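Working notes, beginning with the structure itself.
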Amino acid sequence: MPPRTATTERPAERATERPMVTRTRNGQALDLPLGTRMLLNIAGTKENLSSELVGLQHFEYLILKMPLVPGIRARLLNGEMVTLRYIAGGTIFGFKSQVLNHIVKPGFLLFVDYPDSMEQVDLRQHRRVNCLLPAAVHGRHGTYKCILLDLSEGGCKVSLELQRDDPFRETAVDDMLVLQCGFFGAEATTQTTLSCLVKSISMDGNRMQLGLQFADLSTDTQLELSSYLDNVSCLI
């Protein structure tokens with residue numbers, strides 16, 4: 001009879017999964033301070049563009065400062081449908097809108113329709129999707145290849161194979177690691193780098209699983225992650 005494999009677990013609280021919900025304005029003006037960073041996605045594409053809210057007329061339109069990248073004017077014609085996301089108070093908000101107009105002087109400004117309804121995802125209650133993505137983790141014991149098993153706005157789970165005397169076995173809860181993975185539909189040569197805190201550890205023989213919590217994500221990265229999870233969720 002083969003020897004029984006010992007399993008140890010150092011648990012930490014896992015985020016509660018909650019689907020995206022829709023909230024209607026009901027005639028109330030949106031609380032959108034000028035300077036709010038927004039991520040804009042053009043309907044039918046995977047590309048997300050970073051923008052900044054520089055003006056609005058409540059119930060009529062929003063004005064966004066956009067990067068003047070090659071070909072962007074031809075893709076943001078009047079009537080084009082777009083999706084916008086932004087973060088406020090620990091919640092990611094999203095809405096669909098329509099391009100009304102744009103100007104290029106003194107800067108590239110995009111006018112979009114004022115939204116009638118919003119979708120929201122509370123970052124404290126995360127959606128989670130299963131996946132199998134090659135990745136790597138880097139810490140005080142070096143860099144190790146791993147597999148990403150699941151992903152949410154707040155963190156992920158990774159699995160890696162270790163030798164019996166590998167120093168990475170000394171990894172402890174609350175250690176800081178850096179995760180590298182080709183998220184967000186990026187090219188194979190493009191790696192996203194995320195700082196993470198170890199929140200749970202389990203061992204099954206030479207196989208280690210780590211529950212990681214993302215730390216200090218930029219606003220753009222949080223919005224990219226939310227958009228990526230939306231796209232992946234539609235395929236599951």
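By order in the structure tokens, chains are A, B, ...; within a chain, residues start at 1; ligands start at 1, following the order shown.
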Neighbour list for Pro115 of chain A as number ranges by chain, cut-off 10 Å, only C-alpha atoms, skip fewer than 4 positions in-chain: A: 24-25, 29-30, 58-62, 84, 94-98
Would you save the residues of that selection, restricted to all heavy atoms, as a compact mmCIF listing (two decimals), in the first residue's frame?
```txt
# COMPACT_ATOMS: atom_id res chain seq x y z
N THR A 24 -29.85 51.12 -11.34
CA THR A 24 -30.38 52.19 -12.17
C THR A 24 -30.25 53.53 -11.46
O THR A 24 -30.38 53.61 -10.25
CB THR A 24 -31.87 51.93 -12.50
OG1 THR A 24 -31.97 50.64 -13.10
CG2 THR A 24 -32.40 52.97 -13.46
N ARG A 25 -29.99 54.58 -12.22
CA ARG A 25 -29.81 55.92 -11.63
C ARG A 25 -31.08 56.44 -10.98
O ARG A 25 -31.04 57.18 -10.01
CB ARG A 25 -29.36 56.91 -12.70
CG ARG A 25 -27.92 56.76 -13.12
CD ARG A 25 -27.47 57.98 -13.92
NE ARG A 25 -28.24 58.12 -15.14
CZ ARG A 25 -29.12 59.06 -15.35
NH1 ARG A 25 -29.39 59.92 -14.39
NH2 ARG A 25 -29.78 59.15 -16.48
N ALA A 29 -28.22 62.25 -10.28
CA ALA A 29 -26.96 62.55 -10.96
C ALA A 29 -25.85 61.64 -10.44
O ALA A 29 -25.82 61.28 -9.26
CB ALA A 29 -26.60 64.01 -10.74
N LEU A 30 -24.94 61.26 -11.32
CA LEU A 30 -23.81 60.42 -10.93
C LEU A 30 -22.80 61.24 -10.13
O LEU A 30 -22.56 62.41 -10.42
CB LEU A 30 -23.12 59.85 -12.17
CG LEU A 30 -23.95 58.95 -13.08
CD1 LEU A 30 -23.12 58.52 -14.27
CD2 LEU A 30 -24.45 57.74 -12.31
N HIS A 58 -24.67 66.93 -16.44
CA HIS A 58 -25.50 65.87 -15.89
C HIS A 58 -26.72 65.60 -16.76
O HIS A 58 -27.39 66.53 -17.22
CB HIS A 58 -25.94 66.22 -14.46
CG HIS A 58 -24.84 66.08 -13.46
ND1 HIS A 58 -24.23 64.88 -13.19
CD2 HIS A 58 -24.22 67.01 -12.67
CE1 HIS A 58 -23.30 65.06 -12.26
NE2 HIS A 58 -23.26 66.34 -11.95
N PHE A 59 -26.96 64.31 -16.98
CA PHE A 59 -28.10 63.78 -17.75
C PHE A 59 -27.97 64.05 -19.26
O PHE A 59 -28.88 63.74 -20.02
CB PHE A 59 -29.44 64.34 -17.24
CG PHE A 59 -29.60 64.20 -15.76
CD1 PHE A 59 -29.60 65.32 -14.94
CD2 PHE A 59 -29.73 62.95 -15.18
CE1 PHE A 59 -29.73 65.19 -13.58
CE2 PHE A 59 -29.86 62.81 -13.81
CZ PHE A 59 -29.86 63.93 -13.00
N GLU A 60 -26.81 64.61 -19.68
CA GLU A 60 -26.63 64.88 -21.11
C GLU A 60 -25.39 64.21 -21.68
O GLU A 60 -25.49 63.40 -22.60
CB GLU A 60 -26.59 66.39 -21.37
CG GLU A 60 -27.90 67.11 -21.06
CD GLU A 60 -27.87 68.56 -21.47
OE1 GLU A 60 -27.11 68.90 -22.41
OE2 GLU A 60 -28.58 69.37 -20.85
N TYR A 61 -24.19 64.52 -21.15
CA TYR A 61 -22.98 63.96 -21.74
C TYR A 61 -21.82 64.01 -20.75
O TYR A 61 -21.85 64.75 -19.77
CB TYR A 61 -22.59 64.69 -23.03
CG TYR A 61 -22.40 66.19 -22.86
CD1 TYR A 61 -21.19 66.71 -22.39
CD2 TYR A 61 -23.42 67.08 -23.19
CE1 TYR A 61 -21.02 68.07 -22.23
CE2 TYR A 61 -23.25 68.44 -23.04
CZ TYR A 61 -22.05 68.94 -22.57
OH TYR A 61 -21.87 70.28 -22.40
N LEU A 62 -20.79 63.18 -21.04
CA LEU A 62 -19.51 63.21 -20.34
C LEU A 62 -18.44 63.61 -21.34
O LEU A 62 -18.55 63.33 -22.54
CB LEU A 62 -19.16 61.81 -19.78
CG LEU A 62 -20.19 61.10 -18.91
CD1 LEU A 62 -19.65 59.73 -18.51
CD2 LEU A 62 -20.51 61.92 -17.67
N LEU A 84 -17.49 51.89 -20.57
CA LEU A 84 -16.60 52.63 -19.70
C LEU A 84 -16.64 52.04 -18.29
O LEU A 84 -17.70 51.64 -17.81
CB LEU A 84 -17.00 54.11 -19.64
CG LEU A 84 -16.67 54.90 -20.91
CD1 LEU A 84 -17.59 56.08 -21.08
CD2 LEU A 84 -15.22 55.36 -20.88
N GLY A 94 -19.46 50.22 -14.19
CA GLY A 94 -19.35 50.15 -15.63
C GLY A 94 -20.67 50.51 -16.28
O GLY A 94 -21.74 50.32 -15.70
N PHE A 95 -20.58 51.06 -17.48
CA PHE A 95 -21.79 51.39 -18.22
C PHE A 95 -21.48 51.44 -19.71
O PHE A 95 -20.35 51.66 -20.12
CB PHE A 95 -22.39 52.72 -17.76
CG PHE A 95 -21.48 53.92 -17.94
CD1 PHE A 95 -21.50 54.66 -19.11
CD2 PHE A 95 -20.63 54.30 -16.91
CE1 PHE A 95 -20.67 55.76 -19.28
CE2 PHE A 95 -19.79 55.41 -17.07
CZ PHE A 95 -19.82 56.15 -18.25
N LYS A 96 -22.51 51.20 -20.50
CA LYS A 96 -22.41 51.31 -21.94
C LYS A 96 -22.88 52.69 -22.36
O LYS A 96 -23.78 53.27 -21.76
CB LYS A 96 -23.24 50.22 -22.63
CG LYS A 96 -22.74 48.82 -22.35
CD LYS A 96 -23.49 47.78 -23.16
CE LYS A 96 -23.04 46.36 -22.80
NZ LYS A 96 -21.62 46.16 -23.06
N SER A 97 -22.24 53.22 -23.39
CA SER A 97 -22.58 54.55 -23.85
C SER A 97 -22.36 54.64 -25.36
O SER A 97 -21.96 53.67 -26.00
CB SER A 97 -21.74 55.60 -23.12
OG SER A 97 -22.14 56.90 -23.45
N GLN A 98 -22.63 55.82 -25.90
CA GLN A 98 -22.52 56.05 -27.33
C GLN A 98 -21.70 57.31 -27.57
O GLN A 98 -21.86 58.31 -26.86
CB GLN A 98 -23.91 56.19 -27.94
CG GLN A 98 -23.95 56.21 -29.46
CD GLN A 98 -25.38 56.22 -29.97
OE1 GLN A 98 -26.26 56.85 -29.40
NE2 GLN A 98 -25.61 55.51 -31.06
```
Can you tell me, as an MDAnalysis selection string, which residues in segment 24-173 of chain A count as alpha helix (DSSP H) by DSSP? chainID A and resid 72:75
So that I can check the surroundings of Val158 of chain A, please list as JSON, numbers by chain every protein, DNA and RNA residue that reaches within 10 Å of it, counting only C-alpha atoms and ignoring chain neighbours fewer than 5 positions away. {"A": [132, 133, 134, 135, 136, 137, 145, 146, 147, 148, 149, 150, 151, 179, 201, 208, 209, 210, 211, 212]}
Can those selected residues be exported to a file as a JSON list (two decimals), in the first residue's frame so that it contains C-alpha atoms?
```
[["chain", "number", "residue", "atom", "x", "y", "z"],
["A", 132, "LEU", "CA", -5.20, 27.17, -16.24],
["A", 133, "LEU", "CA", -2.61, 29.80, -17.16],
["A", 134, "PRO", "CA", 1.19, 29.50, -17.07],
["A", 135, "ALA", "CA", 2.72, 32.00, -14.68],
["A", 136, "ALA", "CA", 5.70, 32.59, -12.39],
["A", 137, "VAL", "CA", 6.10, 33.76, -8.80],
["A", 145, "LYS", "CA", 7.16, 28.53, -12.63],
["A", 146, "CYS", "CA", 3.56, 27.88, -11.58],
["A", 147, "ILE", "CA", 0.03, 27.41, -12.89],
["A", 148, "LEU", "CA", -2.72, 29.94, -12.20],
["A", 149, "LEU", "CA", -5.79, 27.97, -11.05],
["A", 150, "ASP", "CA", -8.32, 30.72, -10.43],
["A", 151, "LEU", "CA", -8.56, 34.48, -10.64],
["A", 179, "LEU", "CA", 3.29, 37.24, -9.84],
["A", 201, "ILE", "CA", -0.77, 27.73, 1.82],
["A", 208, "MET", "CA", 2.14, 23.53, -3.16],
["A", 209, "GLN", "CA", -0.93, 25.71, -3.62],
["A", 210, "LEU", "CA", -0.90, 29.37, -2.66],
["A", 211, "GLY", "CA", -3.86, 31.71, -2.20],
["A", 212, "LEU", "CA", -2.62, 35.17, -3.17]]
```
Spatial neighbours of Leu56 of chain A, max dist 10 Å, only C-alpha atoms, sep filter under 4 positions, as number ranges by chain: A: 32-34, 60-64, 111-114
Got a sec to tell me which of segment 135-187 of chain A DSSP assigns to strand (DSSP E or B), as a PyMOL selection string? chain A and resi 135-139+142-152+155-161+176-181
Looking at only C-alpha atoms, which of A:Gln213, A:Leu225, A:Gly44, A:Lys105 is the one that sits closest to Gly182 of chain A?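 Nearest candidate to Gly182 of chain A out of A:Gln213, A:Leu225, A:Gly44, A:Lys105: A:Leu225.
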Check the smallest atom-to-atom distance from each of A:Gly154, A:Ile42, A:Leu109, A:Ile103 to Val82 of chain A using only C-alpha atoms, then report the winner.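 Counting only C-alpha atoms, the residue closest to Val82 of chain A is A:Ile42.
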Please indicate the distance in Å from atom CA of Leu197 of chain A to atom CA of Thr171 of chain A, rounded to one decimal place. 10.9 Å
Could you list, as a VMD selection string, every residue within 7 Å of Tyr86 of chain A, counting only C-alpha atoms and ignoring same-chain residues fewer than 4 positions away? chain A and resid 37 to 39 92 to 94 223
Emit the selected residues as an mmCIF file, in the first residue's frame, including N, CA, C and O atoms.
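File selection_29.cif, as written:
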```
data_model
loop_
_atom_site.group_PDB
_atom_site.id
_atom_site.type_symbol
_atom_site.label_atom_id
_atom_site.label_comp_id
_atom_site.auth_asym_id
_atom_site.auth_seq_id
_atom_site.Cartn_x
_atom_site.Cartn_y
_atom_site.Cartn_z
ATOM 1 N N ARG A 37 -10.289 58.463 -13.336
ATOM 2 C CA ARG A 37 -9.684 57.634 -14.370
ATOM 3 C C ARG A 37 -10.717 56.627 -14.862
ATOM 4 O O ARG A 37 -11.396 55.970 -14.066
ATOM 5 N N MET A 38 -10.829 56.485 -16.177
ATOM 6 C CA MET A 38 -11.780 55.559 -16.772
ATOM 7 C C MET A 38 -11.083 54.698 -17.817
ATOM 8 O O MET A 38 -10.122 55.140 -18.462
ATOM 9 N N LEU A 39 -11.583 53.487 -17.964
ATOM 10 C CA LEU A 39 -11.095 52.575 -18.992
ATOM 11 C C LEU A 39 -12.183 52.448 -20.042
ATOM 12 O O LEU A 39 -13.331 52.132 -19.718
ATOM 13 N N ILE A 92 -16.069 48.822 -8.553
ATOM 14 C CA ILE A 92 -15.889 49.080 -9.970
ATOM 15 C C ILE A 92 -17.262 49.289 -10.597
ATOM 16 O O ILE A 92 -18.143 48.439 -10.474
ATOM 17 N N PHE A 93 -17.452 50.428 -11.253
ATOM 18 C CA PHE A 93 -18.686 50.740 -11.957
ATOM 19 C C PHE A 93 -18.444 50.635 -13.462
ATOM 20 O O PHE A 93 -17.348 50.957 -13.940
ATOM 21 N N GLY A 94 -19.456 50.224 -14.186
ATOM 22 C CA GLY A 94 -19.349 50.147 -15.625
ATOM 23 C C GLY A 94 -20.669 50.514 -16.283
ATOM 24 O O GLY A 94 -21.737 50.317 -15.703
ATOM 25 N N LEU A 223 -8.971 48.008 -13.386
ATOM 26 C CA LEU A 223 -9.994 48.082 -14.421
ATOM 27 C C LEU A 223 -9.727 47.080 -15.534
ATOM 28 O O LEU A 223 -10.648 46.459 -16.071
#
```
Under the rule that only C-alpha atoms are counted, which of A:Val99, A:Cys181, A:Leu217, A:Ala172 is the nearest residue to Ser202 of chain A? A:Ala172
